[in-house]
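Asker: Got a structure here, written out as structure tokens. Questions coming.
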Amino acid sequence: MSGKERECREATTALFEICKFPGNRRRAVRAGAVPHLVLFASNGSERAVQVLGLLAKCKEGRDTMVSVDGFVRVLAGILREGTTRGMEHALLVLNLVCSENVNLCWEAKKEGVREICFVLVEKDHEKIARNALALARTLEKRGGGSFGPNGLIAKDAADADDLNAMADFGKLEVAFNDEYYSTYGHVEKLAHEISRGASSVEGVEVKLWQVPETLSEEILGKMGAPPKSDVPIISANELAEADGFLFGFPTRFGMMAAQFKAFLDSTGGLWRTQQLAGKPAGIFYSTGSQGGGQETTPLTAITQLAHHGMIFVPVGYTGGAGMFEMDKVRGGSPYGAGTFAGDGSRQPTELELQLAFHQGQYFAGVAKKFKGSS
């Protein structure tokens, strides 16, 4: 390997690690990484295709890929002759980009992608087979191919039946944010449990964020608030990269805490361009007492979602028998997971944490359905 090739490989590997964090993907795109990655991919770099898979999860990345000459041709070549992992990620990237661009669907057709998908769905590799099926569905929906009577690429009806038995959109890549504000740690515990539940759904990537604190260290000290955790602080623009959101906060007189409201007040730029419109969002919360806002807090928060055009996803009564528990004090409601903080010494109970886990899992499933139909 030449020195230049080695440098390219090391740089691509470093970029892969950096772009595992959603907030860095747009920065990489703006730094001009996409054309270089397409070039590296054309030279057989599996890692470059993996990085493209990460960058394709943000809209700016997908838009840039569309403008790169030969982009579809390069990925089609990987589908024909690439490594197993390269094929897996090339299918993912093509699916994400083609789902938004009809012209790319036709370009993919000209490059023979639909025929390649027909071969790959029969491959003895679960991820490749499912990703190929998802891409086939996208090409059908967006007008990029001619398909059999069951809505799948097929040589005849029998092939279509075989493929239909394999239909599973469980491999869709969904990235959503779990944002919260927590003074004494109660909401943070719910957030971590929600994240665990969502992460149990295959194909879902969860990112935990805190919103900025507005109180000084001196005031927090007088309140007896513990130090903040090392969960990163979010900025408003990072919301645009997610496919969905779960917002958590303590209540203040039946409404969300001022810190979270201040963060939402900073999203005016996203509101003007409606970048969050159509994305699913859920709510979880903590209150000081049983009459402290377990329902009014989420109810008053829904107005924030409405103005952004987000789609509120309540947990309903899907959480099982625990939601009908009458013998134990428990937080939570059909609006979302919740807990009671009391004087601060009470911690979320097992029952409350179970609902939080379920909310994460349930919301992730809904977010996948939204992503699959887009």
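Numbering starts fresh at 1 for the residues of each chain in the structure tokens, the chains themselves are lettered A, B, ... in the order given, and ligands are numbered from 1 as they appear.
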Counting only C-alpha atoms, what is within 8 Å of A:Leu96, bar same-chain residues fewer than 5 positions away, as a list in words?
Answerer: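 What passes the distance filter is Ala56, Lys57 and Arg62 of chain A.
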Asker: Keeping only N, CA and C atoms, write those residues as a PDB file, in the first residue's frame.
Answerer:
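The resulting file, result23.pdb, is shown below:
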ATOM      1  N   ALA A  56     -25.514   9.296   5.206  1.00  0.00           N
ATOM      2  CA  ALA A  56     -26.819   9.244   4.545  1.00  0.00           C
ATOM      3  C   ALA A  56     -27.964   9.361   5.529  1.00  0.00           C
ATOM      4  N   LYS A  57     -27.663   9.259   6.819  1.00  0.00           N
ATOM      5  CA  LYS A  57     -28.713   9.383   7.832  1.00  0.00           C
ATOM      6  C   LYS A  57     -29.084  10.838   8.095  1.00  0.00           C
ATOM      7  N   ARG A  62     -27.498  13.216   2.344  1.00  0.00           N
ATOM      8  CA  ARG A  62     -28.199  12.633   1.202  1.00  0.00           C
ATOM      9  C   ARG A  62     -28.263  13.604   0.028  1.00  0.00           C
TER      10      ARG A  62
END
Asker: List as a PyMOL selection string the protein and nucleic acid residues near A:Ser229, meaning an atom at most 10 Å away when only C-alpha atoms are counted, but skip any in the same chain fewer than 2 places from it.
Answerer: chain A and resi 182+185+188+210+226-227+231-232
Asker: With a distance cut-off of 10 Å and only C-alpha atoms, select the neighbouring residues of stretch 290-305 of chain A, excluding the residue or stretch itself and same-chain residues fewer than 6 positions from it, and output the selection as a ChimeraX atom specification.
Answerer: /A:247-257,261,264-265,276-277,279-284,311-312,314,329-342
Asker: Residues as selected, C-alpha atoms, written as a compact mmCIF listing (two decimals), in the first residue's frame, can you do that?
Answerer:
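Output saved as selection-v6.txt:
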# COMPACT_ATOMS: atom_id res chain seq x y z
CA PHE A 247 -38.60 14.88 25.24
CA GLY A 248 -38.31 14.58 29.03
CA PHE A 249 -38.53 17.22 31.75
CA PRO A 250 -39.70 17.85 35.30
CA THR A 251 -42.86 19.86 35.87
CA ARG A 252 -43.06 23.40 37.18
CA PHE A 253 -46.62 24.24 38.22
CA GLY A 254 -48.10 21.77 35.73
CA MET A 255 -45.88 22.75 32.80
CA MET A 256 -42.42 21.84 31.53
CA ALA A 257 -39.41 23.28 33.35
CA LYS A 261 -38.85 25.69 27.38
CA LEU A 264 -37.45 24.95 22.56
CA ASP A 265 -37.57 28.74 22.29
CA LEU A 276 -39.14 18.92 12.17
CA ALA A 277 -42.57 18.66 10.53
CA LYS A 279 -41.47 13.61 12.61
CA PRO A 280 -42.83 11.59 15.55
CA ALA A 281 -42.31 12.87 19.10
CA GLY A 282 -43.13 11.60 22.57
CA ILE A 283 -43.01 13.02 26.10
CA PHE A 284 -41.98 11.78 29.57
CA ILE A 311 -46.68 14.12 15.34
CA PHE A 312 -47.37 13.31 18.98
CA PRO A 314 -48.58 8.79 23.19
CA VAL A 329 -48.29 4.83 43.82
CA ARG A 330 -46.95 5.12 40.29
CA GLY A 331 -46.20 7.84 37.80
CA GLY A 332 -46.94 7.78 34.11
CA SER A 333 -50.11 8.05 32.05
CA PRO A 334 -51.34 7.35 28.53
CA TYR A 335 -49.34 10.43 27.50
CA GLY A 336 -46.00 8.91 28.49
CA ALA A 337 -43.74 7.53 31.21
CA GLY A 338 -43.54 9.48 34.46
CA THR A 339 -42.33 9.38 38.03
CA PHE A 340 -42.90 11.16 41.34
CA ALA A 341 -39.92 12.90 42.90
CA GLY A 342 -41.56 13.88 46.19
Asker: Determine which residues of stretch 21-267 of chain A receive a DSSP assignment of strand (DSSP E or B), computed from the backbone, and state them as a PyMOL selection string.
Answerer: chain A and resi 174-180+204-210+233+244-252+255-256
Asker: Quick one: everything within 8 Å of A:Glu193, counting only C-alpha atoms, minus sequence neighbours fewer than 4 positions away in the same chain. Send it as a PDB file with N, CA and C atoms, in the first residue's frame.
Answerer:
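Saved the output as selection01.pdb:
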ATOM      1  N   LYS A 189     -32.993   9.285  34.913  1.00  0.00           N
ATOM      2  CA  LYS A 189     -33.140   7.834  35.050  1.00  0.00           C
ATOM      3  C   LYS A 189     -34.191   7.298  34.085  1.00  0.00           C
ATOM      4  N   GLY A 197     -34.885   0.769  26.162  1.00  0.00           N
ATOM      5  CA  GLY A 197     -36.012   0.166  25.469  1.00  0.00           C
ATOM      6  C   GLY A 197     -35.949   0.382  23.974  1.00  0.00           C
ATOM      7  N   LEU A 353     -40.109   2.400  35.826  1.00  0.00           N
ATOM      8  CA  LEU A 353     -39.029   2.130  34.887  1.00  0.00           C
ATOM      9  C   LEU A 353     -39.479   1.154  33.802  1.00  0.00           C
ATOM     10  N   ALA A 356     -41.200   3.182  31.282  1.00  0.00           N
ATOM     11  CA  ALA A 356     -40.218   3.955  30.524  1.00  0.00           C
ATOM     12  C   ALA A 356     -39.557   3.077  29.454  1.00  0.00           C
ATOM     13  N   PHE A 357     -39.163   1.877  29.836  1.00  0.00           N
ATOM     14  CA  PHE A 357     -38.564   0.946  28.874  1.00  0.00           C
ATOM     15  C   PHE A 357     -39.555   0.653  27.741  1.00  0.00           C
ATOM     16  N   GLY A 360     -39.908   3.590  25.288  1.00  0.00           N
ATOM     17  CA  GLY A 360     -38.812   3.640  24.332  1.00  0.00           C
ATOM     18  C   GLY A 360     -38.959   2.603  23.244  1.00  0.00           C
TER      19      GLY A 360
END
Asker: What is the distance between atom CA of A:Ala236 and atom CA of A:Gly221, in Å to one decimal?
Answerer: 27.0 Å
Asker: How many Å lie between atom CA of A:Val34 and atom CA of A:Leu54, rounded to one decimal?
Answerer: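 About the pair atom CA of A:Val34 and atom CA of A:Leu54: they are 11.0 Å apart.
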Asker: Mind giving me the straight-line distance from atom CA of A:Leu15 to atom CA of A:Val74 in Å, one decimal?
Answerer: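 Between atom CA of A:Leu15 and atom CA of A:Val74 the gap is 19.9 Å.
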Asker: Which of these residues is nearest to A:Glu238, using only C-alpha atoms: A:Phe260, A:Trp209, A:Phe118, A:Phe370?
Answerer: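 Under the stated criterion, the closest residue is A:Trp209.
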